[in-house]
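S.K.: Before anything else, here's the structure in question.
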Number of protein chains: 2
Amino acid sequence: MTPAAPDRPLAAEVDLDALPPGLAAAWGVVEAEGRRGPKPAHSVDEVVEAATALADEEGIAAASLPRVAARIGVSTNALYRYVSSKDELLVLVADRAWGDPPALPQDWRAASAMWARRLFEQFSARPWLLDVPRTVPLTPHNAAWLDELIGALAPTGMGAQQMLNCAYLLDSHARYGADLRRDAPTPAELRRANPDQQRAMGAVREFLDVQLRARRLDAVADVMQEPMFLADEPPLDGFEFGLDRILDGIAAYVER
Amino acid sequence: MTPAAPDRPLAAEVDLDALPPGLAAAWGVVEAEGRRGPKPAHSVDEVVEAATALADEEGIAAASLPRVAARIGVSTNALYRYVSSKDELLVLVADRAWGDPPALPQDWRAASAMWARRLFEQFSARPWLLDVPRTVPLTPHNAAWLDELIGALAPTGMGAQQMLNCAYLLDSHARYGADLRRDAPTPAELRRANPDQQRAMGAVREFLDVQLRARRLDAVADVMQEPMFLADEPPLDGFEFGLDRILDGIAAYVER
DNA sequence: CTTAACTGTGTAAGCCGTCTACTATTTATC
DNA sequence: GATAAATAGTAGACGGCTTACACAGTTAAG
């Protein structure tokens, strides 16, 4: 579970309209809803869940308001009773997709590795998350993950700012690793892909090879032929390689 | 200059239609344009430049086809004489924005640092680049940057795959650093921002502090109050910190 | 119980975006 | 000069997000 929300939504003193769309909603702050009138036939969670399902099935572009509405059986515009804009919906969907952070071991290095790997798995399982623009600085699940990592890094004696920087480093690496895996799938994934996709990827590879060598970018062309892209069971991406480098670098800093 | 294109566009044997939109165009492969008919009043470069200018001024969303067309003084649909789709235009715009890679020093560490910093500067200067989805694996400027880095890393004796992984590590770090700088501007940038933006950012900070503490995420709340976010001349982001960690990690691997 | 206020939903319509015919015009080749 | 080809414009389809309005149902007050 995510850290529980306070009993009643805080009537924050700040002007909610000045916040980026979705920020207040993501934190569960809503303008005290009246109780008169018909009971809602659906809920915000239901809307967000429907949008998530569509994104899982066909990518984030499929999560349009008309399609979300059709999925839960209401008119498009009824959605505006639950979310105030498409942007807000996307923020809620993205926050939900983060899920809850894992419990981490004591050792800071093992904890950091697990944290990054879990994040990598999250992004790999829902690649469309990488397509949702970050329009809001921090959402609850987001903050919960960060809190978990900070808790594991604190014993190293690092300053708060350094811990934050480490979190960004690991987060960034997980994102990018998952992003790359999208257009450079492992051969196993490739075999599972349908023939059309296989032909398309082969065409891309061949095309690039021709172009690169024509421009005397042989070093790049050679790299593209490497096992990471061709071998049968690649050493699981550059993700693990990069993770080791990052952790080594942090270790050197901690022991300093 | 980018590596020169071959004298005449290669009539690659691969099926151009099987490639992602924009890939062939980005590499300058076009279906031999006839010379009959009226001379084009504009050019692909002019279209791409107009779109870039719009993105620079108001973000990538402003680079819509109607607005690009209006800027160069043609009807919206005339653009389809120069690019075959919006996706293709975005690919061309993004590739152009990468610009040419810097010349790198001999020492691999200094070279890697310079490469990453220059990339960071590129992304900081054009933050909308981070919003352009990567729909194509490799474009010419992209490849030129990669080639430059590989040339600098080769003397370390690393394998091709490891060099590629290092490039991803540095690229990822530059991207994310620039991304974070967007919604966590330095105080100097903040002072330059207009009053509306200043108030908005203050509201966000205050709101998050209340929410975080209400959910007992004090560790995160404390971190948010750190100098990186408040001090007058912050230690230029976590970018330099993370870069040092990454380079330390690579150094440990190289010396192994 | 009656009434009035309020809330959720549907319909209609606006605007903007991408993209596809079709037409008219201009230019190079024969 | 006649023909063929390529370009730019016009018109429009289609789908997306969003606002405005009317209707219906529910609840609170008298």
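Here's how to read the names in the structure tokens: chain A, B, ... by the order shown, residue numbers from 1 in each chain, ligand numbers from 1 in the order shown.
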So that I can check the surroundings of Thr52 of chain B, please list as a PyMOL selection string every protein, DNA and RNA residue that reaches within 7 Å of it, counting only C-alpha atoms (C1' of nucleotides) and ignoring chain neighbours fewer than 4 positions away.

M.R.: chain B and resi 48+56+93

S.K.: For segment 15-27 of chain D, work out the shell of residues within 7 Å, counting only C-alpha atoms (C1' of nucleotides) and skipping chain neighbours fewer than 3 positions away, then give it as a short mmCIF file (atom, residue, chain, number, x, y, z; two decimals) with N, CA and C atoms, in the first residue's frame.

M.R.:
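Result file part.cif:
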```
data_model
loop_
_atom_site.label_atom_id
_atom_site.label_comp_id
_atom_site.auth_asym_id
_atom_site.auth_seq_id
_atom_site.Cartn_x
_atom_site.Cartn_y
_atom_site.Cartn_z
N ARG A 36 -25.45 16.07 -2.45
CA ARG A 36 -26.76 16.02 -3.11
C ARG A 36 -26.64 15.44 -4.51
N GLY A 37 -27.76 15.15 -5.08
CA GLY A 37 -27.77 14.68 -6.47
C GLY A 37 -27.60 13.19 -6.57
N PRO A 38 -27.72 12.66 -7.77
CA PRO A 38 -27.63 11.22 -7.99
C PRO A 38 -26.24 10.71 -7.65
#
```

S.K.: Any chance you could fit chain A onto chain B with least squares, all Cα atoms in order, and share the moved copy as a short mmCIF file (atom, residue, chain, number, x, y, z; two decimals) with C-alpha atoms, in the first residue's frame?

M.R.:
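Produced file result.cif, reproduced below:
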```cif
data_model
loop_
_atom_site.label_atom_id
_atom_site.label_comp_id
_atom_site.auth_asym_id
_atom_site.auth_seq_id
_atom_site.Cartn_x
_atom_site.Cartn_y
_atom_site.Cartn_z
CA MET A 1 29.53 19.15 -40.87
CA THR A 2 27.84 15.84 -40.69
CA PRO A 3 29.40 13.01 -42.64
CA ALA A 4 28.66 13.72 -46.26
CA ALA A 5 25.92 11.81 -47.96
CA PRO A 6 26.91 9.69 -50.90
CA ASP A 7 26.85 11.37 -54.29
CA ARG A 8 23.53 9.94 -55.30
CA PRO A 9 20.97 8.56 -52.88
CA LEU A 10 21.44 4.85 -52.59
CA ALA A 11 18.58 2.96 -54.07
CA ALA A 12 18.57 0.63 -51.12
CA GLU A 13 17.28 -2.82 -51.82
CA VAL A 14 15.10 -2.79 -48.76
CA ASP A 15 11.46 -1.89 -48.99
CA LEU A 16 11.33 1.74 -47.95
CA ASP A 17 7.69 1.48 -47.03
CA ALA A 18 8.51 -1.08 -44.37
CA LEU A 19 10.63 1.47 -42.48
CA PRO A 20 9.30 3.69 -39.71
CA PRO A 21 8.05 7.02 -41.06
CA GLY A 22 10.86 9.49 -41.46
CA LEU A 23 13.76 7.09 -41.30
CA ALA A 24 14.45 7.06 -45.01
CA ALA A 25 13.88 10.79 -45.29
CA ALA A 26 16.24 11.52 -42.40
CA TRP A 27 19.01 9.67 -44.19
CA GLY A 28 18.33 11.58 -47.38
CA VAL A 29 16.94 8.64 -49.28
CA VAL A 30 14.12 9.85 -51.50
CA GLU A 31 12.39 8.20 -54.40
CA ALA A 32 14.17 9.73 -57.41
CA GLU A 33 12.27 12.95 -57.87
CA GLY A 34 11.30 13.75 -61.40
CA ARG A 35 12.39 17.03 -62.87
CA ARG A 36 9.30 17.99 -64.78
CA GLY A 37 6.78 20.43 -63.44
CA PRO A 38 7.14 23.74 -61.62
CA LYS A 39 10.11 24.28 -59.37
CA PRO A 40 9.25 24.00 -55.68
CA ALA A 41 8.80 27.37 -54.07
CA HIS A 42 10.28 26.06 -50.84
CA SER A 43 12.40 23.18 -49.59
CA VAL A 44 12.34 20.46 -47.00
CA ASP A 45 15.01 22.33 -45.06
CA GLU A 46 12.86 25.43 -45.01
CA VAL A 47 9.93 23.48 -43.62
CA VAL A 48 12.06 21.82 -40.97
CA GLU A 49 13.59 25.13 -40.02
CA ALA A 50 10.18 26.74 -39.62
CA ALA A 51 9.01 23.91 -37.41
CA THR A 52 12.18 24.20 -35.32
CA ALA A 53 11.66 27.90 -34.84
CA LEU A 54 8.11 27.33 -33.65
CA ALA A 55 9.24 24.64 -31.24
CA ASP A 56 11.96 26.92 -29.90
CA GLU A 57 9.47 29.69 -29.31
CA GLU A 58 6.49 27.85 -27.89
CA GLY A 59 7.34 24.21 -27.46
CA ILE A 60 6.83 21.22 -29.66
CA ALA A 61 3.04 21.48 -29.55
CA ALA A 62 3.25 24.76 -31.45
CA ALA A 63 4.85 23.00 -34.40
CA SER A 64 1.53 21.95 -35.88
CA LEU A 65 1.16 21.63 -39.61
CA PRO A 66 -1.15 24.65 -39.96
CA ARG A 67 1.24 26.87 -38.05
CA VAL A 68 4.31 25.65 -39.88
CA ALA A 69 2.55 26.25 -43.16
CA ALA A 70 1.45 29.72 -42.14
CA ARG A 71 5.00 30.59 -41.16
CA ILE A 72 6.42 29.88 -44.58
CA GLY A 73 3.37 31.26 -46.33
CA VAL A 74 1.72 28.25 -47.94
CA SER A 75 -1.43 26.31 -47.34
CA THR A 76 -1.36 23.55 -44.77
CA ASN A 77 -1.58 20.80 -47.30
CA ALA A 78 1.23 22.06 -49.46
CA LEU A 79 3.51 20.75 -46.72
CA TYR A 80 2.72 17.24 -47.85
CA ARG A 81 4.78 17.91 -50.97
CA TYR A 82 7.85 18.15 -48.73
CA VAL A 83 7.17 15.70 -45.92
CA SER A 84 4.90 12.73 -46.08
CA SER A 85 3.52 12.99 -42.56
CA LYS A 86 3.75 14.84 -39.32
CA ASP A 87 5.80 12.00 -37.86
CA GLU A 88 8.34 12.36 -40.61
CA LEU A 89 8.59 16.07 -39.97
CA LEU A 90 9.25 15.47 -36.30
CA VAL A 91 12.01 13.01 -37.07
CA LEU A 92 13.67 15.53 -39.35
CA VAL A 93 13.28 18.32 -36.80
CA ALA A 94 14.77 16.22 -34.02
CA ASP A 95 17.71 15.09 -36.11
CA ARG A 96 18.48 18.65 -37.13
CA ALA A 97 18.34 19.80 -33.52
CA TRP A 98 21.07 17.37 -32.50
CA GLY A 99 23.53 19.38 -34.49
CA ASP A 100 27.09 18.28 -35.09
CA PRO A 101 29.13 16.50 -32.42
CA PRO A 102 32.07 18.30 -30.82
CA ALA A 103 35.66 17.37 -31.53
CA LEU A 104 36.87 15.37 -28.55
CA PRO A 105 40.24 15.32 -26.77
CA GLN A 106 42.41 12.22 -26.68
CA ASP A 107 41.90 11.20 -23.06
CA TRP A 108 38.83 9.00 -22.90
CA ARG A 109 37.60 10.44 -19.63
CA ALA A 110 37.87 14.06 -20.68
CA ALA A 111 36.30 13.13 -24.00
CA SER A 112 33.37 11.38 -22.37
CA ALA A 113 32.79 14.29 -20.01
CA MET A 114 32.82 16.80 -22.83
CA TRP A 115 30.53 14.65 -24.94
CA ALA A 116 27.99 14.35 -22.13
CA ARG A 117 28.16 18.03 -21.22
CA ARG A 118 27.63 19.14 -24.78
CA LEU A 119 24.68 16.83 -25.10
CA PHE A 120 23.32 18.17 -21.85
CA GLU A 121 23.64 21.68 -23.21
CA GLN A 122 21.83 20.71 -26.38
CA PHE A 123 18.92 19.30 -24.45
CA SER A 124 18.87 22.22 -22.06
CA ALA A 125 18.79 24.71 -24.90
CA ARG A 126 15.96 22.86 -26.64
CA PRO A 127 13.95 21.15 -23.91
CA TRP A 128 11.22 20.29 -26.38
CA LEU A 129 13.61 17.73 -27.84
CA LEU A 130 12.82 15.61 -24.81
CA ASP A 131 9.16 15.68 -25.80
CA VAL A 132 9.73 14.30 -29.27
CA PRO A 133 9.09 10.58 -29.05
CA ARG A 134 11.89 8.44 -30.43
CA THR A 135 10.09 6.67 -33.23
CA VAL A 136 13.23 5.92 -35.19
CA PRO A 137 16.30 4.10 -33.92
CA LEU A 138 19.10 6.13 -35.47
CA THR A 139 19.39 9.31 -37.51
CA PRO A 140 22.46 10.82 -39.16
CA HIS A 141 23.41 13.44 -36.57
CA ASN A 142 22.65 10.91 -33.92
CA ALA A 143 25.02 8.44 -35.50
CA ALA A 144 27.68 11.10 -35.92
CA TRP A 145 27.66 11.81 -32.19
CA LEU A 146 27.87 8.12 -31.45
CA ASP A 147 30.73 7.69 -33.87
CA GLU A 148 32.66 10.47 -32.18
CA LEU A 149 32.32 8.92 -28.75
CA ILE A 150 33.20 5.45 -29.95
CA GLY A 151 36.34 6.88 -31.48
CA ALA A 152 37.34 8.28 -28.09
CA LEU A 153 36.51 5.13 -26.17
CA ALA A 154 38.18 2.67 -28.52
CA PRO A 155 41.70 3.18 -27.08
CA THR A 156 40.53 1.86 -23.71
CA GLY A 157 40.26 -1.60 -25.24
CA MET A 158 36.61 -1.94 -24.34
CA GLY A 159 34.50 -4.19 -26.50
CA ALA A 160 32.07 -2.71 -29.00
CA GLN A 161 29.12 -3.63 -26.89
CA GLN A 162 30.58 -1.99 -23.80
CA MET A 163 31.25 1.20 -25.70
CA LEU A 164 27.68 1.25 -26.85
CA ASN A 165 26.50 0.74 -23.30
CA CYS A 166 28.65 3.62 -22.12
CA ALA A 167 27.17 5.84 -24.79
CA TYR A 168 23.68 4.96 -23.64
CA LEU A 169 24.66 5.66 -20.06
CA LEU A 170 25.96 9.12 -20.89
CA ASP A 171 23.14 9.95 -23.28
CA SER A 172 20.58 8.89 -20.74
CA HIS A 173 22.19 10.99 -18.07
CA ALA A 174 22.29 14.09 -20.26
CA ARG A 175 18.64 13.69 -21.19
CA TYR A 176 17.42 13.23 -17.70
CA GLY A 177 19.53 16.02 -16.31
CA ALA A 178 18.04 18.43 -18.80
CA ASP A 179 14.58 17.09 -18.11
CA LEU A 180 14.88 17.68 -14.39
CA ARG A 181 16.21 21.14 -14.90
CA ARG A 182 12.94 22.03 -16.54
CA ASP A 183 10.77 21.71 -13.48
CA ALA A 184 13.48 22.38 -10.94
CA PRO A 185 15.04 25.55 -12.27
CA THR A 186 17.91 27.21 -10.50
CA PRO A 187 17.08 30.27 -8.41
CA ALA A 188 18.80 32.41 -11.00
CA GLU A 189 16.48 31.08 -13.65
CA LEU A 190 13.61 31.49 -11.25
CA ARG A 191 14.34 35.13 -10.76
CA ARG A 192 14.31 35.60 -14.49
CA ALA A 193 10.93 33.91 -14.74
CA ASN A 194 7.81 36.01 -14.72
CA PRO A 195 5.81 36.52 -11.52
CA ASP A 196 3.11 34.08 -12.58
CA GLN A 197 5.59 31.26 -12.98
CA GLN A 198 7.22 32.14 -9.68
CA ARG A 199 3.94 32.00 -7.82
CA ALA A 200 3.03 28.73 -9.51
CA MET A 201 6.30 27.09 -8.49
CA GLY A 202 5.96 28.33 -4.96
CA ALA A 203 2.47 26.91 -4.79
CA VAL A 204 3.69 23.55 -6.03
CA ARG A 205 6.46 23.43 -3.47
CA GLU A 206 4.16 24.34 -0.62
CA PHE A 207 1.46 21.94 -1.73
CA LEU A 208 3.88 19.04 -1.98
CA ASP A 209 5.38 19.77 1.40
CA VAL A 210 1.97 19.57 3.03
CA GLN A 211 1.03 16.39 1.22
CA LEU A 212 4.32 14.63 1.82
CA ARG A 213 4.32 15.30 5.54
CA ALA A 214 0.68 14.27 5.83
CA ARG A 215 1.64 10.90 4.43
CA ARG A 216 4.71 10.58 6.62
CA LEU A 217 7.08 10.87 3.71
CA ASP A 218 9.25 13.24 5.70
CA ALA A 219 12.46 11.99 4.19
CA VAL A 220 11.29 13.06 0.76
CA ALA A 221 9.92 16.33 2.07
CA ASP A 222 13.25 17.12 3.71
CA VAL A 223 15.14 16.40 0.55
CA MET A 224 12.90 18.76 -1.37
CA GLN A 225 13.97 21.58 0.90
CA GLU A 226 17.61 21.06 0.06
CA PRO A 227 19.94 23.64 -1.43
CA MET A 228 19.64 22.11 -4.87
CA PHE A 229 16.18 23.52 -4.95
CA LEU A 230 16.60 26.59 -2.82
CA ALA A 231 20.16 27.87 -2.68
CA ASP A 232 21.28 30.77 -4.72
CA GLU A 233 23.87 29.16 -6.89
CA PRO A 234 23.28 25.45 -6.68
CA PRO A 235 26.18 23.13 -7.53
CA LEU A 236 24.84 22.96 -11.08
CA ASP A 237 22.32 20.20 -10.60
CA GLY A 238 22.91 16.60 -10.02
CA PHE A 239 24.24 16.43 -13.53
CA GLU A 240 27.87 16.92 -12.64
CA PHE A 241 27.55 14.70 -9.60
CA GLY A 242 26.05 11.88 -11.62
CA LEU A 243 28.57 12.36 -14.39
CA ASP A 244 31.41 11.90 -11.94
CA ARG A 245 29.84 8.72 -10.61
CA ILE A 246 29.37 7.32 -14.08
CA LEU A 247 32.92 8.14 -15.14
CA ASP A 248 34.31 6.67 -11.93
CA GLY A 249 32.36 3.53 -12.61
CA ILE A 250 33.62 3.29 -16.17
CA ALA A 251 37.17 3.96 -15.01
CA ALA A 252 36.95 1.10 -12.53
CA TYR A 253 35.83 -1.14 -15.35
CA VAL A 254 38.55 -0.01 -17.74
CA GLU A 255 41.35 -0.46 -15.23
CA ARG A 256 40.12 -3.88 -14.29
#
```

S.K.: Using 12 Å as the limit and counting only C-alpha atoms (C1' of nucleotides), can you tabulate each residue of chain C that touches chain B, with its shortest atom-to-atom distance in Å and the two atoms involved, as CSV?

M.R.:
```
residue,atom,partner,partner_atom,distance
C:DC16,C1',B:Pro66,CA,9.4
C:DG17,C1',B:Ser64,CA,7.6
C:DT18,C1',B:Lys86,CA,7.7
C:DC19,C1',B:Ser85,CA,8.3
C:DT20,C1',B:Asn77,CA,9.9
C:DA21,C1',B:Asn77,CA,11.8
C:DT25,C1',B:Pro38,CA,8.7
C:DT26,C1',B:Pro38,CA,4.8
C:DT27,C1',B:Gly37,CA,4.5
C:DA28,C1',B:Arg36,CA,4.9
C:DT29,C1',B:Arg36,CA,7.9
```

S.K.: Produce a file of the selected residues containing C-alpha atoms (C1' of nucleotides), as an mmCIF file, in the first residue's frame.

M.R.:
```cif
data_model
loop_
_atom_site.group_PDB
_atom_site.id
_atom_site.type_symbol
_atom_site.label_atom_id
_atom_site.label_comp_id
_atom_site.auth_asym_id
_atom_site.auth_seq_id
_atom_site.Cartn_x
_atom_site.Cartn_y
_atom_site.Cartn_z
ATOM 1 C "C1'" DC C 16 -8.077 22.089 -33.784
ATOM 2 C "C1'" DG C 17 -5.392 18.469 -35.603
ATOM 3 C "C1'" DT C 18 -3.940 15.043 -39.433
ATOM 4 C "C1'" DC C 19 -4.630 13.484 -43.834
ATOM 5 C "C1'" DT C 20 -6.900 12.405 -48.659
ATOM 6 C "C1'" DA C 21 -9.143 13.646 -52.999
ATOM 7 C "C1'" DT C 25 -1.357 26.153 -62.577
ATOM 8 C "C1'" DT C 26 3.342 26.086 -63.790
ATOM 9 C "C1'" DT C 27 7.337 24.114 -65.994
ATOM 10 C "C1'" DA C 28 10.374 20.930 -68.597
ATOM 11 C "C1'" DT C 29 10.707 17.874 -72.272
#
```

S.K.: List every residue of segment 15-72 of chain B that DSSP, applied to the backbone, labels as alpha helix (DSSP H), and write the result as a list in words.

M.R.: Leu23, Ala24, Ala25, Ala26, Val44, Asp45, Glu46, Val47, Val48, Glu49, Ala50, Ala51, Thr52, Ala53, Leu54, Ala55, Asp56, Glu57, Glu58, Leu65, Pro66, Arg67, Val68, Ala69, Ala70, Arg71 and Ile72 of chain B

S.K.: Keeping N, CA and C atoms, export the residues of the selection given above as a tab-separated table (two decimals), in the first residue's frame.

M.R.:
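out24.tsv, freshly written:
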```
chain	number	residue	atom	x	y	z
B	23	LEU	N	12.49	7.62	-41.39
B	23	LEU	CA	13.85	7.08	-41.34
B	23	LEU	C	14.56	7.30	-42.67
B	24	ALA	N	13.93	6.91	-43.75
B	24	ALA	CA	14.56	7.09	-45.06
B	24	ALA	C	14.79	8.58	-45.34
B	25	ALA	N	13.81	9.39	-45.02
B	25	ALA	CA	13.96	10.82	-45.28
B	25	ALA	C	15.10	11.41	-44.48
B	26	ALA	N	15.23	10.98	-43.24
B	26	ALA	CA	16.29	11.53	-42.39
B	26	ALA	C	17.67	11.24	-42.98
B	44	VAL	N	12.43	21.31	-48.09
B	44	VAL	CA	12.27	20.53	-46.86
B	44	VAL	C	12.97	21.23	-45.70
B	45	ASP	N	14.17	21.74	-45.97
B	45	ASP	CA	14.90	22.42	-44.90
B	45	ASP	C	14.12	23.60	-44.36
B	46	GLU	N	13.46	24.31	-45.27
B	46	GLU	CA	12.71	25.48	-44.82
B	46	GLU	C	11.56	25.05	-43.92
B	47	VAL	N	10.90	23.98	-44.28
B	47	VAL	CA	9.80	23.46	-43.46
B	47	VAL	C	10.32	23.04	-42.09
B	48	VAL	N	11.42	22.29	-42.11
B	48	VAL	CA	11.98	21.80	-40.84
B	48	VAL	C	12.43	22.97	-39.98
B	49	GLU	N	12.99	23.97	-40.62
B	49	GLU	CA	13.45	25.14	-39.85
B	49	GLU	C	12.28	25.88	-39.22
B	50	ALA	N	11.21	26.01	-39.97
B	50	ALA	CA	10.03	26.69	-39.42
B	50	ALA	C	9.48	25.93	-38.23
B	51	ALA	N	9.41	24.62	-38.36
B	51	ALA	CA	8.90	23.81	-37.25
B	51	ALA	C	9.82	23.94	-36.04
B	52	THR	N	11.12	23.97	-36.28
B	52	THR	CA	12.07	24.12	-35.18
B	52	THR	C	11.87	25.46	-34.47
B	53	ALA	N	11.68	26.50	-35.27
B	53	ALA	CA	11.50	27.82	-34.67
B	53	ALA	C	10.25	27.84	-33.79
B	54	LEU	N	9.19	27.25	-34.27
B	54	LEU	CA	7.97	27.19	-33.47
B	54	LEU	C	8.19	26.42	-32.18
B	55	ALA	N	8.88	25.31	-32.29
B	55	ALA	CA	9.14	24.50	-31.10
B	55	ALA	C	9.99	25.29	-30.11
B	56	ASP	N	10.97	26.01	-30.62
B	56	ASP	CA	11.83	26.81	-29.74
B	56	ASP	C	11.02	27.87	-29.00
B	57	GLU	N	10.04	28.43	-29.71
B	57	GLU	CA	9.30	29.55	-29.12
B	57	GLU	C	8.21	29.10	-28.15
B	58	GLU	N	7.50	28.04	-28.54
B	58	GLU	CA	6.34	27.69	-27.73
B	58	GLU	C	6.22	26.20	-27.43
B	65	LEU	N	0.94	21.26	-38.05
B	65	LEU	CA	1.04	21.48	-39.48
B	65	LEU	C	0.43	22.82	-39.90
B	66	PRO	N	-0.75	23.17	-39.41
B	66	PRO	CA	-1.29	24.48	-39.79
B	66	PRO	C	-0.36	25.64	-39.44
B	67	ARG	N	0.24	25.58	-38.27
B	67	ARG	CA	1.08	26.71	-37.87
B	67	ARG	C	2.39	26.73	-38.64
B	68	VAL	N	2.95	25.56	-38.90
B	68	VAL	CA	4.17	25.52	-39.72
B	68	VAL	C	3.88	26.07	-41.10
B	69	ALA	N	2.74	25.66	-41.65
B	69	ALA	CA	2.39	26.12	-42.99
B	69	ALA	C	2.20	27.64	-43.01
B	70	ALA	N	1.50	28.14	-42.00
B	70	ALA	CA	1.26	29.58	-41.95
B	70	ALA	C	2.58	30.34	-41.87
B	71	ARG	N	3.53	29.78	-41.15
B	71	ARG	CA	4.79	30.48	-40.95
B	71	ARG	C	5.56	30.66	-42.24
B	72	ILE	N	5.48	29.68	-43.11
B	72	ILE	CA	6.21	29.84	-44.38
B	72	ILE	C	5.28	30.29	-45.49
```

S.K.: Which residues, written as a CSV table (one decimal) with C-alpha atoms (C1' of nucleotides), in the first residue's frame, have at least one atom at most 12 Å from DT3 of chain C, with only C-alpha atoms (C1' of nucleotides) counted and residues fewer than 5 positions away on the same chain left out?

M.R.:
```csv
chain,number,residue,atom,x,y,z
D,27,DT,C1',-31.3,14.8,-1.8
D,28,DA,C1',-32.2,18.5,1.7
D,29,DA,C1',-35.2,21.9,3.5
D,30,DG,C1',-39.7,23.7,4.6
```

S.K.: Report as CSV: every residue of chain D with an atom at most 8 Å from chain B, its closest pair of atoms, and their distance in Å to one decimal, counting only C-alpha atoms (C1' of nucleotides), with rows sorted by chain and ascending residue number.

M.R.:
```
residue,atom,partner,partner_atom,distance
D:DA5,C1',B:Gly37,CA,5.6
D:DA6,C1',B:Gly37,CA,4.1
D:DT7,C1',B:Pro38,CA,5.9
D:DA8,C1',B:Ala78,CA,6.0
D:DG9,C1',B:Ser75,CA,7.0
```
